[in-house]
Amino acid sequence: MTRSLPTRYLTPVDLADLLGVPLETVYQWRRKQTGPRGFRVGRHLRYDPEDVRAWVATLLEEAA
């Protein structure tokens, strides 16, 4: 990742923008449990930037 991650929790839209993928892809990752770990705050889905960073790191390790 070339951009730094925000210090606040990410919304699905934030995550899609950050990774350059369609929003539906983020929701598919959640349904298939293949994406970064997310959590609910009431009815809102959020992602911890550190969890996103760790998930991306594992993808890079697997690709190497």
# chains A, B, ... in the order shown; residues from 1 in each chain; ligands from 1

$ residues_around --residues "Pro36 (chain A)" --least-positions-apart "3" --cutoff "12 Å" --atoms "only C-alpha atoms" --output "ChimeraX atom specification"
/A:10,12,15-16,19,25-33,39,45-59

$ select_by_dssp --residues "chain A" --states "alpha helix (DSSP H)" --output "number ranges by chain"
A: 12-19, 23-32, 49-63

$ write_last_selection --atoms "N, CA, C and O atoms" --output "short mmCIF file (atom, residue, chain, number, x, y, z; two decimals), in the first residue's frame"
data_model
loop_
_atom_site.label_atom_id
_atom_site.label_comp_id
_atom_site.auth_asym_id
_atom_site.auth_seq_id
_atom_site.Cartn_x
_atom_site.Cartn_y
_atom_site.Cartn_z
N PRO A 12 -17.01 0.22 4.63
CA PRO A 12 -16.81 -0.56 3.41
C PRO A 12 -16.45 0.31 2.20
O PRO A 12 -15.63 -0.08 1.38
N VAL A 13 -17.04 1.49 2.12
CA VAL A 13 -16.72 2.41 1.01
C VAL A 13 -15.27 2.86 1.11
O VAL A 13 -14.55 2.90 0.10
N ASP A 14 -14.81 3.19 2.33
CA ASP A 14 -13.41 3.57 2.53
C ASP A 14 -12.48 2.46 2.08
O ASP A 14 -11.48 2.70 1.40
N LEU A 15 -12.81 1.23 2.48
CA LEU A 15 -11.96 0.08 2.14
C LEU A 15 -11.92 -0.14 0.63
O LEU A 15 -10.85 -0.37 0.06
N ALA A 16 -13.06 -0.06 -0.02
CA ALA A 16 -13.11 -0.22 -1.48
C ALA A 16 -12.28 0.86 -2.17
O ALA A 16 -11.52 0.56 -3.09
N ASP A 17 -12.40 2.10 -1.71
CA ASP A 17 -11.62 3.19 -2.30
C ASP A 17 -10.12 2.99 -2.07
O ASP A 17 -9.31 3.20 -2.96
N LEU A 18 -9.77 2.59 -0.86
CA LEU A 18 -8.37 2.40 -0.50
C LEU A 18 -7.71 1.33 -1.35
O LEU A 18 -6.58 1.49 -1.82
N LEU A 19 -8.42 0.24 -1.58
CA LEU A 19 -7.86 -0.89 -2.33
C LEU A 19 -8.16 -0.82 -3.82
O LEU A 19 -7.64 -1.64 -4.60
N LEU A 23 -17.22 -1.80 -4.48
CA LEU A 23 -17.83 -1.99 -3.17
C LEU A 23 -18.40 -3.40 -3.02
O LEU A 23 -18.27 -4.02 -1.96
N GLU A 24 -18.98 -3.93 -4.07
CA GLU A 24 -19.55 -5.28 -4.01
C GLU A 24 -18.47 -6.32 -3.70
O GLU A 24 -18.74 -7.32 -3.04
N THR A 25 -17.25 -6.09 -4.15
CA THR A 25 -16.15 -7.01 -3.85
C THR A 25 -15.89 -7.07 -2.35
O THR A 25 -15.67 -8.15 -1.79
N VAL A 26 -15.94 -5.94 -1.68
CA VAL A 26 -15.75 -5.90 -0.22
C VAL A 26 -16.82 -6.73 0.46
O VAL A 26 -16.52 -7.52 1.37
N TYR A 27 -18.07 -6.60 0.02
CA TYR A 27 -19.15 -7.38 0.62
C TYR A 27 -19.01 -8.87 0.30
O TYR A 27 -19.32 -9.71 1.15
N GLN A 28 -18.52 -9.20 -0.89
CA GLN A 28 -18.29 -10.61 -1.22
C GLN A 28 -17.20 -11.21 -0.35
O GLN A 28 -17.31 -12.35 0.10
N TRP A 29 -16.13 -10.44 -0.12
CA TRP A 29 -15.08 -10.92 0.78
C TRP A 29 -15.66 -11.23 2.15
O TRP A 29 -15.30 -12.22 2.77
N ARG A 30 -16.54 -10.38 2.62
CA ARG A 30 -17.13 -10.59 3.95
C ARG A 30 -17.99 -11.85 3.95
O ARG A 30 -17.91 -12.65 4.88
N ARG A 31 -18.81 -12.02 2.93
CA ARG A 31 -19.67 -13.21 2.86
C ARG A 31 -18.85 -14.50 2.77
O ARG A 31 -19.19 -15.50 3.39
N LYS A 32 -17.78 -14.45 2.01
CA LYS A 32 -16.94 -15.64 1.81
C LYS A 32 -15.87 -15.78 2.90
O LYS A 32 -15.13 -16.76 2.90
N PRO A 49 -8.02 -0.40 10.64
CA PRO A 49 -6.92 -0.24 9.68
C PRO A 49 -5.77 -1.21 9.91
O PRO A 49 -5.15 -1.67 8.95
N GLU A 50 -5.49 -1.57 11.15
CA GLU A 50 -4.42 -2.52 11.43
C GLU A 50 -4.77 -3.92 10.92
O GLU A 50 -3.90 -4.64 10.45
N ASP A 51 -6.04 -4.31 11.03
CA ASP A 51 -6.48 -5.60 10.49
C ASP A 51 -6.35 -5.61 8.96
O ASP A 51 -5.97 -6.62 8.37
N VAL A 52 -6.68 -4.48 8.34
CA VAL A 52 -6.55 -4.37 6.88
C VAL A 52 -5.09 -4.49 6.49
O VAL A 52 -4.73 -5.22 5.56
N ARG A 53 -4.22 -3.81 7.22
CA ARG A 53 -2.78 -3.86 6.94
C ARG A 53 -2.26 -5.31 7.07
O ARG A 53 -1.52 -5.78 6.22
N ALA A 54 -2.67 -6.00 8.11
CA ALA A 54 -2.23 -7.38 8.33
C ALA A 54 -2.75 -8.29 7.21
O ALA A 54 -2.02 -9.17 6.73
N TRP A 55 -3.98 -8.08 6.79
CA TRP A 55 -4.57 -8.89 5.72
C TRP A 55 -3.80 -8.68 4.40
O TRP A 55 -3.48 -9.64 3.71
N VAL A 56 -3.50 -7.44 4.09
CA VAL A 56 -2.74 -7.15 2.87
C VAL A 56 -1.34 -7.76 2.96
O VAL A 56 -0.85 -8.32 1.99
N ALA A 57 -0.73 -7.71 4.14
CA ALA A 57 0.59 -8.28 4.32
C ALA A 57 0.58 -9.79 4.06
O ALA A 57 1.49 -10.33 3.43
N THR A 58 -0.47 -10.49 4.52
CA THR A 58 -0.55 -11.92 4.27
C THR A 58 -0.74 -12.20 2.78
O THR A 58 -0.20 -13.19 2.27
N LEU A 59 -1.49 -11.36 2.09
CA LEU A 59 -1.65 -11.53 0.64
C LEU A 59 -0.32 -11.36 -0.07
O LEU A 59 0.00 -12.12 -1.00
N LEU A 60 0.47 -10.38 0.36
CA LEU A 60 1.77 -10.16 -0.26
C LEU A 60 2.71 -11.32 0.02
O LEU A 60 3.49 -11.72 -0.86
N GLU A 61 2.68 -11.87 1.23
CA GLU A 61 3.53 -13.01 1.57
C GLU A 61 3.16 -14.23 0.73
O GLU A 61 4.02 -14.96 0.27
N GLU A 62 1.85 -14.46 0.57
CA GLU A 62 1.40 -15.60 -0.22
C GLU A 62 1.78 -15.47 -1.69
O GLU A 62 2.05 -16.46 -2.36
N ALA A 63 1.82 -14.23 -2.17
CA ALA A 63 2.15 -14.00 -3.58
C ALA A 63 3.64 -14.13 -3.84
O ALA A 63 4.06 -14.36 -4.98
#

$ select_by_dssp --residues "chain A" --states "strand (DSSP E)" --output "VMD selection string"
chain A and resid 38 to 41 44 to 47
